[in-house]
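input-v3.cif follows (mmCIF, C-alpha atoms):
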```cif
data_coords
#
loop_
_atom_site.label_atom_id
_atom_site.label_comp_id
_atom_site.auth_asym_id
_atom_site.auth_seq_id
_atom_site.Cartn_x
_atom_site.Cartn_y
_atom_site.Cartn_z
CA MET A 199 -51.86 -5.16 4.62
CA ALA A 200 -50.79 -1.76 5.98
CA GLY A 201 -48.18 -3.50 8.16
CA SER A 202 -46.62 -5.25 5.17
CA SER A 203 -46.39 -2.00 3.16
CA SER A 204 -44.53 -0.22 5.95
CA GLY A 205 -42.15 -3.17 6.17
CA ILE A 206 -41.49 -2.93 2.43
CA VAL A 207 -40.91 0.84 2.69
CA ALA A 208 -38.51 0.30 5.61
CA ALA A 209 -36.60 -2.37 3.66
CA LEU A 210 -36.37 -0.16 0.55
CA THR A 211 -35.20 2.80 2.66
CA ALA A 212 -32.49 0.70 4.33
CA ALA A 213 -31.32 -0.61 0.94
CA ALA A 214 -31.19 2.92 -0.48
CA LEU A 215 -29.17 4.22 2.49
CA GLY A 216 -26.75 1.32 2.19
CA THR A 217 -26.25 2.01 -1.52
CA VAL A 218 -25.66 5.74 -0.93
CA GLY A 219 -23.10 4.96 1.80
CA HIS A 220 -21.28 2.51 -0.46
CA LEU A 221 -21.18 5.03 -3.34
CA ALA A 222 -19.91 7.76 -0.99
CA CYS A 223 -17.03 5.53 0.12
CA GLN A 224 -16.14 4.75 -3.49
CA ALA A 225 -16.23 8.45 -4.41
CA ALA A 226 -13.97 9.38 -1.49
CA ALA A 227 -11.45 6.72 -2.47
CA SER A 228 -11.25 7.92 -6.07
CA ALA A 229 -11.41 11.69 -5.46
CA PRO A 230 -8.20 13.55 -6.31
CA ALA A 231 -6.27 14.63 -3.25
CA GLY A 232 -5.52 18.29 -2.67
CA PRO A 233 -1.94 19.52 -2.26
CA GLY A 234 -0.36 17.96 0.78
CA GLU A 235 -3.27 15.53 1.28
CA PRO A 236 -2.81 11.82 0.84
CA ARG A 237 -5.13 9.88 -1.47
CA ALA A 238 -7.28 7.23 0.16
CA GLY A 239 -5.15 4.18 0.80
CA SER A 240 -1.86 6.10 0.63
CA SER A 241 0.72 6.01 3.38
CA PRO A 242 -0.07 8.25 6.36
CA SER A 243 3.57 9.36 6.36
CA ALA A 244 3.02 11.07 3.00
CA VAL A 245 1.68 14.19 4.71
CA ALA A 246 2.50 16.05 7.89
CA PRO A 247 0.16 15.12 10.74
CA PRO A 248 -1.89 17.84 12.36
CA ALA A 249 -0.43 19.71 15.30
CA PRO A 250 -2.42 19.89 18.50
CA ARG A 251 -4.39 23.13 18.82
CA HIS A 252 -3.30 23.98 22.38
CA ARG A 253 0.26 22.80 22.81
CA ALA A 254 1.62 22.24 26.30
CA ASP A 255 5.17 23.26 25.32
CA PRO A 256 5.38 25.86 22.52
CA ALA A 257 9.18 25.64 22.61
CA THR A 258 8.99 22.16 21.06
CA PRO A 259 8.00 21.76 17.40
CA PRO A 260 4.93 19.62 16.69
CA ALA A 261 5.49 15.86 16.65
CA GLY A 262 5.69 14.50 13.13
CA SER A 263 6.91 17.77 11.62
CA GLY A 264 9.98 16.06 10.23
CA SER A 265 13.61 16.25 11.18
CA GLY A 266 16.63 18.30 10.25
CA ALA A 267 16.85 22.02 9.60
CA ARG A 268 13.41 23.36 8.70
CA VAL A 269 10.76 26.00 9.26
CA VAL A 270 7.63 24.57 10.92
CA TYR A 271 4.37 26.53 10.61
CA ALA A 272 1.38 25.35 12.69
CA LEU A 273 -1.83 26.75 11.23
CA GLY A 274 -3.94 26.07 14.34
CA ASP A 275 -1.45 27.64 16.72
CA ASP A 276 -0.38 30.53 14.42
CA ARG A 277 3.17 29.66 15.48
CA VAL A 278 6.48 29.13 13.70
CA TRP A 279 9.55 27.18 14.81
CA LEU A 280 12.97 27.67 13.21
CA VAL A 281 14.57 24.27 13.77
CA GLY A 282 18.31 23.92 13.19
CA ALA A 283 20.76 21.04 13.16
CA GLY A 284 20.36 18.48 15.91
CA GLU A 285 16.67 19.37 16.29
CA ARG A 286 17.64 22.52 18.22
CA VAL A 287 14.89 25.16 18.11
CA ARG A 288 16.64 28.40 17.26
CA ARG A 289 13.54 30.51 17.65
CA THR A 290 9.78 30.15 17.99
CA PHE A 291 7.22 32.90 17.64
CA VAL A 292 3.59 33.73 16.98
CA VAL A 293 2.61 34.87 13.49
CA TYR A 294 -0.44 36.65 12.11
CA PRO A 295 -1.96 34.51 9.35
CA SER A 296 -3.01 35.71 5.95
CA ALA A 297 -6.47 35.29 4.48
CA VAL A 298 -5.13 32.44 2.30
CA ASP A 299 -3.71 29.44 4.18
CA PRO A 300 -1.34 26.94 2.60
CA ALA A 301 -2.37 23.29 2.74
CA PRO A 302 -0.56 21.15 5.32
CA GLY A 303 2.46 19.51 3.71
CA ARG A 304 6.13 19.90 2.92
CA TYR A 305 7.48 22.79 0.83
CA THR A 306 10.75 24.59 0.17
CA VAL A 307 11.57 28.29 0.10
CA THR A 308 11.27 29.26 -3.57
CA SER A 309 11.88 33.01 -3.54
CA ARG A 310 12.83 35.89 -1.27
CA SER A 311 12.59 39.67 -1.47
CA LYS A 312 14.39 42.12 0.80
CA ALA A 313 11.65 44.76 0.55
CA VAL A 314 8.42 44.98 -1.48
CA THR A 315 4.86 46.22 -1.18
CA GLY A 316 2.60 43.45 0.08
CA SER A 317 -0.55 42.40 -1.75
CA ASP A 318 -2.50 44.40 0.86
CA GLY A 319 -0.57 47.58 -0.03
CA THR A 320 1.63 47.53 3.10
CA PRO A 321 5.41 47.96 2.65
CA VAL A 322 7.01 44.72 3.91
CA GLU A 323 10.53 43.39 4.32
CA HIS A 324 12.25 40.03 4.53
CA VAL A 325 9.70 38.22 2.38
CA VAL A 326 10.23 34.44 2.31
CA ARG A 327 7.86 32.68 -0.12
CA PHE A 328 7.26 28.93 -0.20
CA THR A 329 4.07 28.22 -2.17
CA SER A 330 1.07 29.71 -3.92
CA VAL A 331 -2.64 28.98 -3.58
CA ASP A 332 -4.83 29.72 -6.60
CA GLY A 333 -2.35 32.29 -7.88
CA VAL A 334 -1.76 33.96 -4.49
CA SER A 335 1.86 33.78 -3.29
CA VAL A 336 2.17 32.58 0.30
CA GLY A 337 5.08 33.41 2.54
CA PHE A 338 6.37 35.10 5.66
CA SER A 339 7.06 38.83 5.91
CA ALA A 340 7.28 41.72 8.37
CA ALA A 341 5.60 45.09 7.89
CA VAL A 342 8.16 47.90 7.78
CA ASP A 343 5.99 49.94 10.16
CA GLY A 344 5.94 46.99 12.60
CA SER A 345 2.19 46.44 12.34
CA THR A 346 0.70 42.97 12.56
CA PRO A 347 -2.87 43.47 11.35
CA ARG A 348 -5.48 40.74 11.21
CA PRO A 349 -6.22 39.85 7.60
CA ASP A 350 -9.27 41.27 5.84
CA PRO A 351 -11.22 38.12 4.90
CA GLY A 352 -12.51 39.94 1.82
CA VAL A 353 -8.99 40.39 0.40
CA ARG A 354 -7.05 37.34 -0.82
CA THR A 355 -3.56 37.87 0.57
CA GLY A 356 -0.84 35.33 1.32
CA GLY A 357 1.44 37.30 3.62
CA ILE A 358 1.95 35.58 6.98
CA ARG A 359 3.05 38.51 9.13
CA GLU A 360 5.79 38.44 11.73
CA THR A 361 7.24 41.10 14.00
CA ARG A 362 10.32 42.80 12.58
CA PRO A 363 12.75 40.94 14.92
CA ASP A 364 11.10 37.61 14.00
CA GLY A 365 11.26 38.61 10.33
CA ASP A 366 15.00 39.24 10.69
CA ALA A 367 15.46 35.77 12.19
CA MET A 368 13.36 34.16 9.43
CA TRP A 369 15.33 36.02 6.74
CA SER A 370 18.64 34.76 8.12
CA PHE A 371 17.41 31.19 8.53
CA ALA A 372 15.07 30.53 5.58
CA THR A 373 17.28 30.74 2.52
CA ILE A 374 16.30 29.41 -0.92
CA GLY A 375 15.70 25.66 -0.73
CA ARG A 376 15.12 25.55 3.05
CA ARG A 377 12.34 23.13 3.97
CA VAL A 378 9.04 24.53 5.24
CA VAL A 379 6.64 22.12 6.92
CA VAL A 380 3.03 23.23 7.39
CA VAL A 381 0.92 21.35 9.94
CA ARG A 382 -2.60 21.88 11.21
#
```

What does this structure look like when you write it as structure tokens?
Amino acid sequence: MAGSSSGIVAALTAAALGTVGHLACQAAASAPAGPGEPRAGSSPSAVAPPAPRHRADPATPPAGSGSGARVVYALGDDRVWLVGAGERVRRTFVVYPSAVDPAPGRYTVTSRSKAVTGSDGTPVEHVVRFTSVDGVSVGFSAAVDGSTPRPDPGVRTGGIRETRPDGDAMWSFATIGRRVVVVR
């Protein structure tokens, strides 16, 4: 009789696991997608694909980052490409990420400021904003003093820091309405 009870327990456990797996799949399919994330069953072209973490050729923008004039920001590489007409990379450079990352996806430059004080209290210039995350504006900027500090994880800032020369190039290139593509 002990053998038949363990068989029943095993069968009930398998049925319970199957039910939980089925419910998890249903929940994932009906969960709302975050910004820049496709819903289950949506076209994979609806969102920018992730960029490889260790690129062989940093002079080439990530595959799948779109076409035409655009700013490409790879979160995993902490790198930006300014891509002009004819897919010509005008400039590529390393950036210093903020504590708040934008979701992968496609954006446009929505506002710019020549000089302001950053949310971390640092005077910055050539601010190019393209989104906000939970009320925190996210964009590129260069510290007037030339510093490129690592973000304090305890402070919610959205300033993606560049060197001053890279900030000058971004300012010239990323005017209002310019596309910004964020990839992993």

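Every polymer residue reaching to within 7 Å of (3.3, 34.3, 3.7), counting all atoms listed in the file, appears in this list: A:Ser296, A:Arg327, A:Val336, A:Gly337, A:Phe338, A:Ser339, A:Gly356, A:Gly357, A:Ile358, A:Arg359.
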
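Atom pair atom CA of A:Asp275 / atom CA of A:Pro295: separated by 10.1 Å.
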
Note to self: Selection in question (the file shown): the PyMOL selection byres ((chain A and resi 258) around 12). Which residues does it include, as a ChimeraX atom specification?
What the structure shows: /A:249-250,253-257,259-263,270,272,277-281,285-291

Next item on the list: Go through the shown structure with the PyMOL selection byres ((chain A and resi 342) around 9) and write out the matching residues as a ChimeraX atom specification.
Entry: /A:313,320-323,340-341,343-345,362

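When you apply the PyMOL selection byres ((chain A and resi 367-377) around 6) to this structure, what comes back is Arg268, Tyr305, Thr306, Val307, Thr308, His324, Asp364, Gly365, Asp366 and Val378 of chain A.
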
Residues of the last selection are to be written out with C-alpha atoms, as a PDB file, in the coordinates of the input.
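Heads up, here's the output in result.pdb:
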```pdb
ATOM      1  CA  ARG A 268      13.410  23.360   8.700  1.00  0.00           C
ATOM      2  CA  TYR A 305       7.480  22.790   0.830  1.00  0.00           C
ATOM      3  CA  THR A 306      10.750  24.590   0.170  1.00  0.00           C
ATOM      4  CA  VAL A 307      11.570  28.290   0.100  1.00  0.00           C
ATOM      5  CA  THR A 308      11.270  29.260  -3.570  1.00  0.00           C
ATOM      6  CA  HIS A 324      12.250  40.030   4.530  1.00  0.00           C
ATOM      7  CA  ASP A 364      11.100  37.610  14.000  1.00  0.00           C
ATOM      8  CA  GLY A 365      11.260  38.610  10.330  1.00  0.00           C
ATOM      9  CA  ASP A 366      15.000  39.240  10.690  1.00  0.00           C
ATOM     10  CA  VAL A 378       9.040  24.530   5.240  1.00  0.00           C
TER      11      VAL A 378
END
```

Neighbouring residues of A:Val380 were defined as those with any atom within 9 Å, considering only C-alpha atoms; residues of the same chain fewer than 6 positions away were excluded. Please report them as a compact mmCIF listing (two decimals) with C-alpha atoms, keeping the file's coordinate frame.
```
# COMPACT_ATOMS: atom_id res chain seq x y z
CA ALA A 246 2.50 16.05 7.89
CA PRO A 248 -1.89 17.84 12.36
CA SER A 263 6.91 17.77 11.62
CA VAL A 269 10.76 26.00 9.26
CA VAL A 270 7.63 24.57 10.92
CA TYR A 271 4.37 26.53 10.61
CA ALA A 272 1.38 25.35 12.69
CA LEU A 273 -1.83 26.75 11.23
CA PRO A 300 -1.34 26.94 2.60
CA ALA A 301 -2.37 23.29 2.74
CA PRO A 302 -0.56 21.15 5.32
CA GLY A 303 2.46 19.51 3.71
CA ARG A 304 6.13 19.90 2.92
CA TYR A 305 7.48 22.79 0.83
```

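Taking atom CA of A:Ser311 and atom CA of A:Arg354 as the two end points, the separation is 19.8 Å.
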